[in-house]
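Colleague: I'd like to ask you about the structure that follows.
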Amino acid sequence: MKVTESPYLSDVLTQPQALQLALSRFNPDPLKQLAGDLAGSRFDRIILTGMGASFYSLYPTWLYLSRSGMPVLWVDTAELLHYARGQITRDSLVWIVSQSGRSAEILTLLDRLANIQPAGVIGTTNDLSSPLAGAVERGIGSSILLPIDADPETTISTRTYMNSLAICQLAARLLCAADLSPAQEALQVTAQAMEVYLQGWETHLQEIAAQVGKPGKLVLLGRGSSLASVYCGALVIGEAGGGLALGMPAGQFRHGPLEMCSPDLTVILFAGEPATRDLNQRLAATLKSCGARVYWVGSEVESLPTLPMPLVGGIGRPLAEMLPIQLLTIFLAEQAGVVPGQFRHIGKVTLVE
């Protein structure tokens, strides 16, 4: 297939370099005071919030903090504002991720926080002139600005999503007083593996297109940190590929949606973390037996067609998993006759709730 050059494709191909730059600029020092406050029980809870890809980038961070025994919530900003506002207390640490730092819900949340004055705020953004960055710099409690350090994008989130995944996971380890060196090294290896993978992007795209074809019903499934890829993958298939995909936890799929299985159902199943990989393989076998077409994302498994991805694990896995999905969106956009990643009904920043 012939691929049309686009700003979206350029953004996808430059993600490894953006990640390497962000890793080189990451400054752990401002977070060390917060780590001490957290160890001293200054905060009653940590609230992780954002919208869209920014929100999904926080899922592996929520998992890490949860595994560490932290009292942590992961709730999108719209729900936090309208239905869970009581969770924000004067003793909360509120962690906001927004690549623009100026979307509608974020602005409303900043007004709310100015009144509540929580004990701490972490603002993760790519725009250091944004209202989010300004609010953090003016100080709401113990405020920390955590830059994403990606070149600005003109299309949907690519570099900013990857950098958010990486930077937030590093910050979570600092908050838990963990040794940062293994995570930093793993992310450097991930960036290098992504760069090698994308050097052969045309070959990988041809392979993905040949395997998946033009799917009818499309479902993305995963567990653990791979749920970031599930949720964001479904998002970008709609944003960049002009298609429709359902993204949900693999465990939930057995509880009803399994009835969707038929030859026109295509399932992309992320192998994910070793602890639940056998469960995912068992689900894949069930899906195949019920007639669905199943594609595995991870190390090759006998009897399952595998979509190529950089084979890294741990902290880097949710970054690497997104690459085949991004390439798939390019193919789907070509099939739909739309320019991949080009906004038709919205803009880069969502200004209306």
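We label chains A, B, ... in the order they appear in the structure tokens, count residues from 1 in each chain, and number ligands from 1 in the order shown.
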Check segment 77-232 of chain A with DSSP on the backbone and list each residue it calls strand (DSSP E), as a ChimeraX atom specification.
Modeller: /A:92-97,120-125,142-147,217-222
Colleague: Set the distance at 8 Å and use only C-alpha atoms: which residues neighbour Ile122 of chain A once local chain neighbours fewer than 5 positions away are removed? I'd like the list as a ChimeraX atom specification.
Modeller: /A:93-96,136,143-146
Colleague: For segment 114-233 of chain A against segment 41-57 of chain A, with a cut-off of 7 Å and counting only C-alpha atoms, what is the closest atom pair and its distance in Å to one decimal for every residue that makes the cut, ordered by chain and number, as CSV?
Modeller:
```
residue,atom,partner,partner_atom,distance
A:Ala119,CA,A:Phe43,CA,6.8
A:Ser157,CA,A:Ala53,CA,6.8
A:Tyr161,CA,A:Ala53,CA,6.3
A:Ser164,CA,A:Ser57,CA,6.0
A:Leu165,CA,A:Ser57,CA,4.9
A:Ala228,CA,A:Tyr56,CA,5.3
A:Tyr231,CA,A:Tyr56,CA,6.5
A:Cys232,CA,A:Ala53,CA,5.8
```
Colleague: Quick one: pick out all alpha helix (DSSP H) residues within segment 8-150 of chain A from a backbone DSSP run and write them as a PyMOL selection string.
Modeller: chain A and resi 8-13+15-25+29-39+52-56+59-67+77-82+104-116+131-138
Colleague: Select, from A:Val97, A:Ile315, A:Val121, A:Ala114, the residue with the minimum atom-to-atom distance to Leu180 of chain A, counting only C-alpha atoms.
Modeller: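 Closest candidate: A:Ile315.
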Colleague: Counting only C-alpha atoms, which residue out of A:Ser299, A:Ser229, A:Asn115, A:Asn280 sits closest to Glu321 of chain A?
Modeller: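 Under the stated criterion, the closest residue is A:Ser229.
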Colleague: Can you list, as a PyMOL selection string, every protein, DNA or RNA residue that comes within 10 Å of Gln281 of chain A when you count only C-alpha atoms, leaving out same-chain residues fewer than 4 positions away?
Modeller: chain A and resi 269-271+276-277+285-287+296+301+304
Colleague: Just want the 6 Å neighbourhood of segment 124-129 of chain A, counted on only C-alpha atoms, with same-chain residues fewer than 6 positions away dropped. Output as a list in words.
Modeller: Val97, Ser98, Gln99, Ser100, Gly101, Leu146, Pro147, Ile148 and Asp149 of chain A
Colleague: Those residues with all heavy atoms, as a PDB file, in the first residue's frame please?
Modeller:
```
ATOM      1  N   VAL A  97      -2.540  15.795  34.634  1.00  0.00           N
ATOM      2  CA  VAL A  97      -1.785  15.658  33.387  1.00  0.00           C
ATOM      3  C   VAL A  97      -2.618  16.245  32.256  1.00  0.00           C
ATOM      4  O   VAL A  97      -3.772  15.850  32.045  1.00  0.00           O
ATOM      5  CB  VAL A  97      -1.424  14.196  33.087  1.00  0.00           C
ATOM      6  CG1 VAL A  97      -0.710  14.093  31.737  1.00  0.00           C
ATOM      7  CG2 VAL A  97      -0.543  13.628  34.188  1.00  0.00           C
ATOM      8  N   SER A  98      -2.053  17.197  31.551  1.00  0.00           N
ATOM      9  CA  SER A  98      -2.719  17.817  30.400  1.00  0.00           C
ATOM     10  C   SER A  98      -1.647  18.331  29.460  1.00  0.00           C
ATOM     11  O   SER A  98      -0.889  19.234  29.819  1.00  0.00           O
ATOM     12  CB  SER A  98      -3.615  18.978  30.853  1.00  0.00           C
ATOM     13  OG  SER A  98      -4.109  19.703  29.739  1.00  0.00           O
ATOM     14  N   GLN A  99      -1.574  17.757  28.249  1.00  0.00           N
ATOM     15  CA  GLN A  99      -0.502  18.175  27.341  1.00  0.00           C
ATOM     16  C   GLN A  99      -0.613  19.659  27.004  1.00  0.00           C
ATOM     17  O   GLN A  99       0.387  20.347  26.876  1.00  0.00           O
ATOM     18  CB  GLN A  99      -0.491  17.305  26.073  1.00  0.00           C
ATOM     19  CG  GLN A  99      -1.761  17.324  25.238  1.00  0.00           C
ATOM     20  CD  GLN A  99      -1.769  18.398  24.166  1.00  0.00           C
ATOM     21  OE1 GLN A  99      -0.722  18.967  23.842  1.00  0.00           O
ATOM     22  NE2 GLN A  99      -2.945  18.687  23.634  1.00  0.00           N
ATOM     23  N   SER A 100      -1.841  20.187  26.897  1.00  0.00           N
ATOM     24  CA  SER A 100      -2.003  21.613  26.598  1.00  0.00           C
ATOM     25  C   SER A 100      -2.016  22.467  27.845  1.00  0.00           C
ATOM     26  O   SER A 100      -1.656  23.647  27.806  1.00  0.00           O
ATOM     27  CB  SER A 100      -3.315  21.846  25.839  1.00  0.00           C
ATOM     28  OG  SER A 100      -4.434  21.662  26.696  1.00  0.00           O
ATOM     29  N   GLY A 101      -2.489  21.882  28.963  1.00  0.00           N
ATOM     30  CA  GLY A 101      -2.618  22.643  30.195  1.00  0.00           C
ATOM     31  C   GLY A 101      -3.718  23.677  30.164  1.00  0.00           C
ATOM     32  O   GLY A 101      -3.786  24.547  31.042  1.00  0.00           O
ATOM     33  N   LEU A 146       5.914  19.456  36.303  1.00  0.00           N
ATOM     34  CA  LEU A 146       6.601  18.304  35.720  1.00  0.00           C
ATOM     35  C   LEU A 146       6.452  18.383  34.206  1.00  0.00           C
ATOM     36  O   LEU A 146       5.443  17.951  33.639  1.00  0.00           O
ATOM     37  CB  LEU A 146       5.970  17.021  36.269  1.00  0.00           C
ATOM     38  CG  LEU A 146       6.698  15.690  36.088  1.00  0.00           C
ATOM     39  CD1 LEU A 146       8.062  15.713  36.760  1.00  0.00           C
ATOM     40  CD2 LEU A 146       5.844  14.555  36.660  1.00  0.00           C
ATOM     41  N   PRO A 147       7.435  18.945  33.488  1.00  0.00           N
ATOM     42  CA  PRO A 147       7.301  19.136  32.038  1.00  0.00           C
ATOM     43  C   PRO A 147       7.330  17.816  31.268  1.00  0.00           C
ATOM     44  O   PRO A 147       8.009  16.859  31.652  1.00  0.00           O
ATOM     45  CB  PRO A 147       8.526  19.990  31.678  1.00  0.00           C
ATOM     46  CG  PRO A 147       9.047  20.523  32.966  1.00  0.00           C
ATOM     47  CD  PRO A 147       8.691  19.504  34.001  1.00  0.00           C
ATOM     48  N   ILE A 148       6.587  17.792  30.152  1.00  0.00           N
ATOM     49  CA  ILE A 148       6.591  16.630  29.261  1.00  0.00           C
ATOM     50  C   ILE A 148       7.772  16.704  28.290  1.00  0.00           C
ATOM     51  O   ILE A 148       8.293  15.686  27.847  1.00  0.00           O
ATOM     52  CB  ILE A 148       5.256  16.538  28.494  1.00  0.00           C
ATOM     53  CG1 ILE A 148       4.107  16.305  29.482  1.00  0.00           C
ATOM     54  CG2 ILE A 148       5.284  15.432  27.444  1.00  0.00           C
ATOM     55  CD1 ILE A 148       2.727  16.395  28.861  1.00  0.00           C
ATOM     56  N   ASP A 149       8.169  17.924  27.930  1.00  0.00           N
ATOM     57  CA  ASP A 149       9.351  18.149  27.088  1.00  0.00           C
ATOM     58  C   ASP A 149       9.262  17.476  25.725  1.00  0.00           C
ATOM     59  O   ASP A 149      10.189  16.787  25.280  1.00  0.00           O
ATOM     60  CB  ASP A 149      10.623  17.681  27.805  1.00  0.00           C
ATOM     61  CG  ASP A 149      11.103  18.661  28.858  1.00  0.00           C
ATOM     62  OD1 ASP A 149      11.043  19.869  28.596  1.00  0.00           O
ATOM     63  OD2 ASP A 149      11.517  18.213  29.948  1.00  0.00           O
TER      64      ASP A 149
END
```
Colleague: Rounded to one decimal in Å, what is the spacing between atom CA of Ala210 of chain A and atom CA of Gly337 of chain A?
Modeller: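 That distance, rounded to one decimal, is 17.9 Å.
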Colleague: Quick check, in Å to one decimal: how far apart do atom CA of Gln33 of chain A and atom CA of Leu175 of chain A lie?
Modeller: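 Atom CA of Leu175 of chain A lies at a distance of 8.9 Å from atom CA of Gln33 of chain A.
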